[in-house]
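Have a look at the structure below, then the notes.
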Amino acid sequence: MWRYRTLLPIAGDTPVPPLNPGGTPLDPAPRLRSELVLPNLWLKDDTRNPSGSLKDRPSNLAVAKAIEAGFDTVATASSGNAAASLGAACASAGLRCVVFVPPYVRPGKLAQLQAYGAEVLIIEGRYEDAFDLCTAACEAFGWYNRNTGYNPYMVEGKKTVSLEIAEQLGWRSPDVVTVPVGDGCIISGVAKGFRDLHELGIIDREPRLFAVQAAGSDPFVRALEGEPPSDREPETIADGIAGSSPRNGVMALRDVRRSGGGGVRVTDDAMLEAEMLIGRTTGIFAEPSAAASVAGIRRLRELGLIGDGDEVVALLTGSGLKAVDVIAGWKGRPEPIPPSLDAVRARTGTIRPR
Ligand SMILES: Cc1ncc(COP(=O)(O)O)c(C=O)c1O
């Protein structure tokens with residue numbers, strides 16, 4: 001992502017962490033295209049980042065900004081991916097990392113944090129409680145605050161994904177980008193990237209942005225529909241997009257409305273089915289929160305909000321390896337078979353050799 005450094009708010013001589021995120025593939029996913037009957041579909045595969053999520057982009061910028069301002073400790077609240085990416089970026093640059101995570105943090109993300117040597121504080125309460133405590137701790141102890149929706153540079157780091165998409169399409173904008181939304185910071189970053197390129201005259205239009213949320217945790221989609229906020233507890237397996245009060249909500253509402261897009265809800269089953277569909281048609285393993293962007297495309301097609309000829313980019317924001325426990329719970333474990341050809345034949349339904 002540092003190839004776009006001149007479009008990032010960072011001084012020319014500031015050292016950046018050596019991890020080097022971004023530069024991820026824009027996959028034409030031919031088999032998924034035919035499965036969804038969407039010939040101009042692309043998958044932006046941000047599962048390929050150093051810690052396995054798009055959050056590596058903002059976290060590496062956060063660490064560079066912390067170095068620039070002379071901090072030695074960086075903190076964040078996170079459902080897991082922002083924390084893991086910050087842990088990795090801090091480890092690579094040699095800074096101390098303190099993270100505030102909710103009790104439902106997935107084992108895969110916690111394991112990453114422990115391997116990266118981050119100091120992990122599991123906060124009893126909701127993500128929002130972890131967020132407020134992190135902000136208070138940064139003020140009290142003089143730590144650099146990476147919190148999403150608080151630190152304005154995070155939108156800037158996230159925008160690099162759009163700079164890449166436009167460049168990979170030959171400096172063009174797609175018609176639509178679908179984005180899984182929790183706090184609404186990724187979707188604002190996506191908007192900002194295309195807006196910057198448009199204002200610079202490098203692309204001639206911007207995409208419609210569609211926010212995808214879990215049916216059991218949909219405050220942003222409700223707000224788009226003009227519903228008042230509710231204090232409902234999130235109920236979803238998609239931990240990355242679970243939340244009751246999006247921390248970048250106001251900016252994201254403006255960005256989505258301005259783009260001419262909208263929002264849709266998808267069920268947990270639809271996300272898991274999309275995760276399997278992406279896996280078996282492309283070989284990419286996405287976590288449920290990320291697969292939401294493909295589940296959302298199905299829903300948008302049903303609603304007639306995406307046309308057959310539209311060029312659509314689905315953002316795959318995090319790796320399935322972070323949430324293997326979810327699949328294990330859903331698919332179960334295959335029963336072992338005896339080491340015999342007969343057993344292989346019976347299990348696979350194979351009748352004769354090719
Ligand atoms: C995999 C994944 N996708 C999407 C999101 C949503 O990003 P945002 O909270 O900026 O809307 C997250 C946030 O944690 C995430 O982990």
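Residues are named by chain letter and number: chains run A, B, ... in the order of the structure tokens, numbers start at 1 in each chain, and ligands are numbered from 1 in the order shown.
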Test item: residues no farther than 7 Å from ligand 1, counting only C-alpha atoms and all ligand atoms, as an mmCIF file with N, CA and C atoms, in the first residue's frame:
```cif
data_model
loop_
_atom_site.group_PDB
_atom_site.id
_atom_site.type_symbol
_atom_site.label_atom_id
_atom_site.label_comp_id
_atom_site.auth_asym_id
_atom_site.auth_seq_id
_atom_site.Cartn_x
_atom_site.Cartn_y
_atom_site.Cartn_z
ATOM 1 N N SER A 53 -6.218 -9.759 7.289
ATOM 2 C CA SER A 53 -7.419 -8.927 7.135
ATOM 3 C C SER A 53 -7.079 -7.567 6.545
ATOM 4 N N SER A 78 -11.210 -3.496 19.706
ATOM 5 C CA SER A 78 -11.437 -4.219 18.462
ATOM 6 C C SER A 78 -12.198 -5.494 18.736
ATOM 7 N N SER A 79 -12.976 -5.921 17.710
ATOM 8 C CA SER A 79 -13.593 -7.244 17.826
ATOM 9 C C SER A 79 -12.561 -8.340 17.575
ATOM 10 N N GLY A 80 -11.392 -7.980 17.064
ATOM 11 C CA GLY A 80 -10.334 -8.973 16.861
ATOM 12 C C GLY A 80 -9.395 -8.658 15.721
ATOM 13 N N ASN A 81 -9.939 -8.326 14.548
ATOM 14 C CA ASN A 81 -9.061 -8.129 13.386
ATOM 15 C C ASN A 81 -8.222 -6.855 13.476
ATOM 16 N N ALA A 82 -8.825 -5.772 13.920
ATOM 17 C CA ALA A 82 -8.052 -4.530 14.052
ATOM 18 C C ALA A 82 -6.952 -4.747 15.084
ATOM 19 N N THR A 148 -11.040 2.893 15.799
ATOM 20 C CA THR A 148 -11.835 3.157 14.611
ATOM 21 C C THR A 148 -12.916 4.197 14.917
ATOM 22 N N PRO A 180 -18.823 -5.403 3.954
ATOM 23 C CA PRO A 180 -19.387 -5.758 5.256
ATOM 24 C C PRO A 180 -19.190 -4.588 6.218
ATOM 25 N N VAL A 181 -20.235 -4.258 6.967
ATOM 26 C CA VAL A 181 -20.178 -3.056 7.826
ATOM 27 C C VAL A 181 -20.406 -3.392 9.298
ATOM 28 N N GLY A 182 -19.471 -2.939 10.117
ATOM 29 C CA GLY A 182 -19.630 -2.978 11.574
ATOM 30 C C GLY A 182 -19.706 -1.536 12.053
ATOM 31 N N ASP A 183 -18.529 -0.930 12.277
ATOM 32 C CA ASP A 183 -18.474 0.484 12.667
ATOM 33 C C ASP A 183 -18.687 1.422 11.487
ATOM 34 N N GLY A 184 -18.501 0.910 10.266
ATOM 35 C CA GLY A 184 -18.674 1.765 9.087
ATOM 36 C C GLY A 184 -17.414 2.490 8.676
ATOM 37 N N CYS A 185 -16.280 2.046 9.172
ATOM 38 C CA CYS A 185 -15.030 2.738 8.839
ATOM 39 C C CYS A 185 -14.449 2.221 7.515
ATOM 40 N N ILE A 186 -14.571 0.894 7.278
ATOM 41 C CA ILE A 186 -14.066 0.368 6.007
ATOM 42 C C ILE A 186 -14.833 1.012 4.851
ATOM 43 N N ILE A 187 -16.161 1.069 4.979
ATOM 44 C CA ILE A 187 -16.951 1.581 3.842
ATOM 45 C C ILE A 187 -16.644 3.063 3.602
ATOM 46 N N GLY A 240 -16.905 -9.840 13.405
ATOM 47 C CA GLY A 240 -16.275 -8.630 12.865
ATOM 48 C C GLY A 240 -17.272 -7.525 12.571
ATOM 49 N N ILE A 241 -18.528 -7.909 12.328
ATOM 50 C CA ILE A 241 -19.519 -6.884 11.983
ATOM 51 C C ILE A 241 -20.650 -6.838 13.020
ATOM 52 N N GLU A 287 -13.629 -15.345 6.211
ATOM 53 C CA GLU A 287 -14.401 -15.509 7.444
ATOM 54 C C GLU A 287 -15.853 -15.070 7.196
ATOM 55 N N SER A 289 -17.773 -12.814 8.422
ATOM 56 C CA SER A 289 -17.975 -11.355 8.283
ATOM 57 C C SER A 289 -17.577 -10.883 6.895
ATOM 58 N N ALA A 290 -16.579 -11.523 6.304
ATOM 59 C CA ALA A 290 -16.111 -11.138 4.969
ATOM 60 C C ALA A 290 -17.027 -11.714 3.888
ATOM 61 N N THR A 317 -12.814 -9.157 3.450
ATOM 62 C CA THR A 317 -12.096 -8.355 4.436
ATOM 63 C C THR A 317 -11.289 -9.149 5.453
ATOM 64 N N GLY A 318 -11.516 -10.473 5.547
ATOM 65 C CA GLY A 318 -10.764 -11.228 6.556
ATOM 66 C C GLY A 318 -10.735 -12.714 6.244
#
```
Could you pull the residues within 10 Å of Ser188 of chain A, counting only C-alpha atoms, minus those fewer than 6 positions along the same chain, as a CSV table (one decimal) with N, CA, C and O atoms, in the first residue's frame?
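Saved result, part_39.csv, follows:
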```csv
chain,number,residue,atom,x,y,z
A,154,MET,N,-7.5,6.3,10.1
A,154,MET,CA,-7.9,4.9,9.8
A,154,MET,C,-8.7,4.8,8.4
A,154,MET,O,-8.5,3.9,7.7
A,155,VAL,N,-9.5,5.8,8.2
A,155,VAL,CA,-10.2,5.9,6.9
A,155,VAL,C,-9.2,6.0,5.8
A,155,VAL,O,-9.3,5.4,4.7
A,156,GLU,N,-8.1,6.8,6.0
A,156,GLU,CA,-7.1,7.0,5.0
A,156,GLU,C,-6.3,5.7,4.7
A,156,GLU,O,-6.1,5.4,3.6
A,158,LYS,N,-7.5,2.7,5.1
A,158,LYS,CA,-8.5,1.8,4.4
A,158,LYS,C,-8.7,2.2,3.0
A,158,LYS,O,-9.1,1.3,2.1
A,159,LYS,N,-8.6,3.5,2.7
A,159,LYS,CA,-8.9,3.9,1.3
A,159,LYS,C,-7.9,3.3,0.3
A,159,LYS,O,-8.2,3.2,-0.9
A,179,VAL,N,-19.6,-4.1,0.8
A,179,VAL,CA,-18.7,-4.0,1.9
A,179,VAL,C,-19.4,-4.5,3.2
A,179,VAL,O,-20.5,-3.9,3.6
A,181,VAL,N,-20.2,-4.3,7.0
A,181,VAL,CA,-20.2,-3.1,7.8
A,181,VAL,C,-20.4,-3.4,9.3
A,181,VAL,O,-21.4,-4.1,9.7
A,209,LEU,N,-22.0,2.2,-3.3
A,209,LEU,CA,-21.5,1.4,-2.2
A,209,LEU,C,-22.7,0.8,-1.5
A,209,LEU,O,-23.6,1.5,-1.1
A,248,ASN,N,-18.4,4.8,13.4
A,248,ASN,CA,-18.1,5.7,12.3
A,248,ASN,C,-19.4,5.9,11.5
A,248,ASN,O,-19.4,6.2,10.3
A,249,GLY,N,-20.5,5.8,12.2
A,249,GLY,CA,-21.8,5.7,11.5
A,249,GLY,C,-22.2,6.9,10.8
A,249,GLY,O,-22.7,6.8,9.7
A,250,VAL,N,-22.0,8.1,11.3
A,250,VAL,CA,-22.5,9.3,10.7
A,250,VAL,C,-21.8,9.6,9.4
A,250,VAL,O,-22.4,9.8,8.3
A,251,MET,N,-20.4,9.4,9.4
A,251,MET,CA,-19.7,9.5,8.2
A,251,MET,C,-20.1,8.5,7.1
A,251,MET,O,-20.2,8.8,5.9
A,252,ALA,N,-20.3,7.3,7.6
A,252,ALA,CA,-20.6,6.2,6.7
A,252,ALA,C,-22.0,6.4,6.0
A,252,ALA,O,-22.2,6.1,4.9
A,253,LEU,N,-22.9,6.9,6.8
A,253,LEU,CA,-24.3,7.2,6.3
A,253,LEU,C,-24.2,8.2,5.2
A,253,LEU,O,-24.7,8.0,4.1
A,254,ARG,N,-23.4,9.2,5.4
A,254,ARG,CA,-23.2,10.3,4.4
A,254,ARG,C,-22.6,9.6,3.1
A,254,ARG,O,-23.0,9.9,2.0
A,255,ASP,N,-21.6,8.8,3.3
A,255,ASP,CA,-20.8,8.2,2.2
A,255,ASP,C,-21.7,7.3,1.4
A,255,ASP,O,-21.7,7.3,0.1
A,256,VAL,N,-22.5,6.4,2.0
A,256,VAL,CA,-23.3,5.5,1.3
A,256,VAL,C,-24.4,6.2,0.6
A,256,VAL,O,-24.7,5.9,-0.6
```
Within segment 106-299 of chain A, find each residue whose DSSP state, derived from the backbone, is strand (DSSP E or B), and express the selection as an NGL selection string.
:A and (119-122 or 144-145 or 176-180 or 208-214 or 217 or 262-266 or 286)
Keeping N, CA, C and O atoms for every residue in the selection just given, could you write it to a file as a compact mmCIF listing (two decimals), in the first residue's frame?
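Generated file (out.txt):
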```
# COMPACT_ATOMS: atom_id res chain seq x y z
N GLU A 119 -0.31 -6.98 24.43
CA GLU A 119 -0.92 -7.10 25.75
C GLU A 119 -2.43 -7.09 25.56
O GLU A 119 -2.98 -6.10 25.08
N VAL A 120 -3.07 -8.20 25.92
CA VAL A 120 -4.49 -8.37 25.61
C VAL A 120 -5.34 -8.15 26.85
O VAL A 120 -5.17 -8.86 27.85
N LEU A 121 -6.25 -7.20 26.79
CA LEU A 121 -7.20 -6.97 27.89
C LEU A 121 -8.58 -7.37 27.39
O LEU A 121 -9.11 -6.75 26.45
N ILE A 122 -9.14 -8.43 27.96
CA ILE A 122 -10.50 -8.84 27.60
C ILE A 122 -11.45 -8.08 28.53
O ILE A 122 -11.39 -8.23 29.75
N TYR A 144 -0.88 6.06 22.03
CA TYR A 144 -1.47 6.46 20.74
C TYR A 144 -2.75 5.65 20.51
O TYR A 144 -2.74 4.42 20.62
N ASN A 145 -3.84 6.35 20.18
CA ASN A 145 -5.16 5.71 20.08
C ASN A 145 -5.51 5.42 18.62
O ASN A 145 -5.71 6.32 17.83
N VAL A 176 -20.33 -1.06 -8.68
CA VAL A 176 -20.80 -1.34 -7.31
C VAL A 176 -19.65 -1.95 -6.50
O VAL A 176 -18.87 -2.74 -7.02
N VAL A 177 -19.56 -1.57 -5.22
CA VAL A 177 -18.70 -2.30 -4.28
C VAL A 177 -19.57 -2.72 -3.10
O VAL A 177 -20.34 -1.90 -2.57
N THR A 178 -19.49 -3.99 -2.71
CA THR A 178 -20.23 -4.44 -1.52
C THR A 178 -19.24 -4.61 -0.37
O THR A 178 -18.16 -5.18 -0.54
N VAL A 179 -19.65 -4.09 0.79
CA VAL A 179 -18.73 -3.99 1.93
C VAL A 179 -19.42 -4.46 3.22
O VAL A 179 -20.49 -3.94 3.55
N PRO A 180 -18.82 -5.40 3.95
CA PRO A 180 -19.39 -5.76 5.26
C PRO A 180 -19.19 -4.59 6.22
O PRO A 180 -18.10 -4.01 6.26
N ARG A 208 -21.38 2.85 -6.68
CA ARG A 208 -22.42 2.77 -5.65
C ARG A 208 -21.90 1.83 -4.56
O ARG A 208 -21.39 0.74 -4.88
N LEU A 209 -22.03 2.24 -3.32
CA LEU A 209 -21.54 1.42 -2.20
C LEU A 209 -22.71 0.80 -1.46
O LEU A 209 -23.65 1.50 -1.07
N PHE A 210 -22.65 -0.53 -1.28
CA PHE A 210 -23.70 -1.22 -0.53
C PHE A 210 -23.11 -1.81 0.75
O PHE A 210 -22.15 -2.58 0.71
N ALA A 211 -23.72 -1.42 1.87
CA ALA A 211 -23.33 -1.94 3.18
C ALA A 211 -24.06 -3.24 3.43
O ALA A 211 -25.27 -3.32 3.22
N VAL A 212 -23.32 -4.25 3.89
CA VAL A 212 -23.95 -5.52 4.22
C VAL A 212 -23.80 -5.76 5.72
O VAL A 212 -22.69 -5.67 6.25
N GLN A 213 -24.92 -6.01 6.38
CA GLN A 213 -24.88 -6.29 7.82
C GLN A 213 -25.58 -7.61 8.12
O GLN A 213 -26.35 -8.13 7.30
N ALA A 214 -25.30 -8.13 9.32
CA ALA A 214 -25.97 -9.36 9.76
C ALA A 214 -27.39 -9.02 10.17
O ALA A 214 -27.64 -7.96 10.77
N SER A 217 -27.67 -8.06 13.67
CA SER A 217 -26.88 -6.90 14.15
C SER A 217 -26.85 -5.88 13.01
O SER A 217 -25.90 -5.84 12.24
N GLY A 262 -26.78 1.68 -0.87
CA GLY A 262 -27.74 1.41 0.21
C GLY A 262 -27.21 0.34 1.13
O GLY A 262 -25.99 0.15 1.24
N GLY A 263 -28.15 -0.38 1.76
CA GLY A 263 -27.74 -1.41 2.72
C GLY A 263 -28.65 -2.61 2.66
O GLY A 263 -29.84 -2.48 2.32
N VAL A 264 -28.11 -3.79 2.97
CA VAL A 264 -28.92 -5.01 3.05
C VAL A 264 -28.49 -5.84 4.25
O VAL A 264 -27.36 -5.73 4.74
N ARG A 265 -29.43 -6.68 4.70
CA ARG A 265 -29.15 -7.61 5.81
C ARG A 265 -29.01 -9.02 5.23
O ARG A 265 -29.73 -9.36 4.29
N VAL A 266 -28.13 -9.82 5.85
CA VAL A 266 -28.03 -11.23 5.46
C VAL A 266 -28.04 -12.08 6.73
O VAL A 266 -27.52 -11.65 7.77
N ALA A 286 -12.65 -17.27 3.32
CA ALA A 286 -13.02 -15.98 3.94
C ALA A 286 -13.76 -16.24 5.24
O ALA A 286 -14.46 -17.24 5.38
```
Of the candidates A:His198, A:Arg247, A:Lys65, A:Arg106, which one gets nearest to Cys90 of chain A if we count only C-alpha atoms?
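For Cys90 of chain A, the nearest of the given residues is A:Lys65.
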Assign secondary structure with DSSP using the backbone only, and return the residues of segment 69-256 of chain A in alpha helix (DSSP H) as a PyMOL selection string.
chain A and resi 81-93+107-115+127-141+153-168+185-199+219-224+249-256
Calculate how many Å separate atom CA of Ala295 of chain A from atom CA of Pro50 of chain A, rounding to one decimal.
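Distance between the two atoms: 25.1 Å.
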Atom CA of Asp27 of chain A to atom CA of Leu43 of chain A, straight-line distance in Å:
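Answer for the atom CA of Leu43 of chain A to atom CA of Asp27 of chain A separation: 5.0 Å.
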